[in-house]
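Down below is the structure, laid out as structure tokens.
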Amino acid sequence: MKLVKDVQQTKEEVSVFSIAPDATVLEAITFMAEKNVGALPVMDGETLVGILSERDYARKVLLMGRSSNETLVRDIMTDKVITVTLNSSAKECIDLMTEKQVRHLPVVENGRVTGVVSIGDVVKLIIAEQTIKINSLQSILDDVQSDKNLRNLLHRELNKI
């Protein structure tokens, strides 16, 4: 079964990007665009205090007519953060994401944020896992077919005798 640690091993970027709660939303959105990420853990020092996503920005700033330059991250972040560990399975992640309607889960180990897993990361992991299973089943099927062909050949040869 594929785990979150398998996702982190395949990611090119090892750095954990985050933003402070007293940063402006404009700073956060600009940073997200620069790093090509859809969400940022909000960190007060080493403590995870929230998560800011593009969805938070769209719903709590744009649609509300607020100023990105004047609104602080703390005012729009999601403060009830759902997290996973390195040993969480892809299935656990997708179940959490579906149930809680979130697309990003911070990865926390020993009280420290070590990364963020996106729904895209989890889907890739599940597809990789399913591909392995499909290939294994195909190999078994090929062996069975080979055995069947061999049995038929032996049966024909025995009938000739």
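Labels used: A, B, ... for chains in the order of the structure tokens, numbers from 1 for residues in each chain, and numbers from 1 for ligands as shown.
All residues within chain A that the backbone DSSP calculation assigns to strand (DSSP E) are A:Ala39, A:Leu40, A:Pro41, A:Val42, A:Met43, A:Asp44, A:Thr47, A:Leu48, A:Val49, A:Gly50, A:Ile51, A:Leu52, A:Ser53, A:His104, A:Leu105, A:Pro106, A:Val107, A:Val108, A:Glu109, A:Arg112, A:Val113, A:Thr114, A:Gly115, A:Val116, A:Val117, A:Ser118.
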* Mind checking DSSP for chain A and telling me the helix (DSSP H, G or I) residues as a ChimeraX atom specification? -> /A:4-10,25-35,54-62,73-76,90-100,119-160
* Skipping near chain neighbours, those fewer than 6 positions away, what residues fall within 9 Å of stretch 74-76 of chain A using only C-alpha atoms, listed as a VMD selection string? -> chain A and resid 20 to 25 42 49 to 50 52 56 to 57 60 to 61
* Closest to A:Ile119 among A:Arg156, A:Met32, A:Phe17, A:Val4, using only C-alpha atoms? ->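 For A:Ile119, the nearest of the given residues is A:Val4.
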* Asked: Quick one: of A:Leu48, A:Glu27, A:Leu96, A:Lys160, who's nearest to A:Val117, counting only C-alpha atoms?
  ->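 Checking each of A:Leu48, A:Glu27, A:Leu96, A:Lys160 against A:Val117, counting only C-alpha atoms, the winner is A:Leu96.
Each of A:Val144, A:Asn159, A:Arg103, A:Val116 was checked against A:Val16 using only C-alpha atoms; the smallest atom-to-atom distance is that of A:Val116.
Across the model, the gap from atom CA of A:Val122 to atom CA of A:Leu105 is 10.2 Å.
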* Near A:Ser88, within 10 Å and counting only C-alpha atoms, which residues show up once chain neighbours fewer than 5 positions away are dropped, as a PyMOL selection string? -> chain A and resi 1-5+83+93+107
* To do: Please measure the separation of atom CA of A:Ile51 and atom CA of A:Lys124, giving the value in Å to one decimal.
  =>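 About the pair atom CA of A:Ile51 and atom CA of A:Lys124: they are 22.6 Å apart.
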* Nearest residue to A:Gln130 from the set A:Lys80, A:Ala90, A:Met64, A:Lys148 (distances using only C-alpha atoms) ->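 Among the listed residues, the smallest separation from A:Gln130 belongs to A:Ala90.
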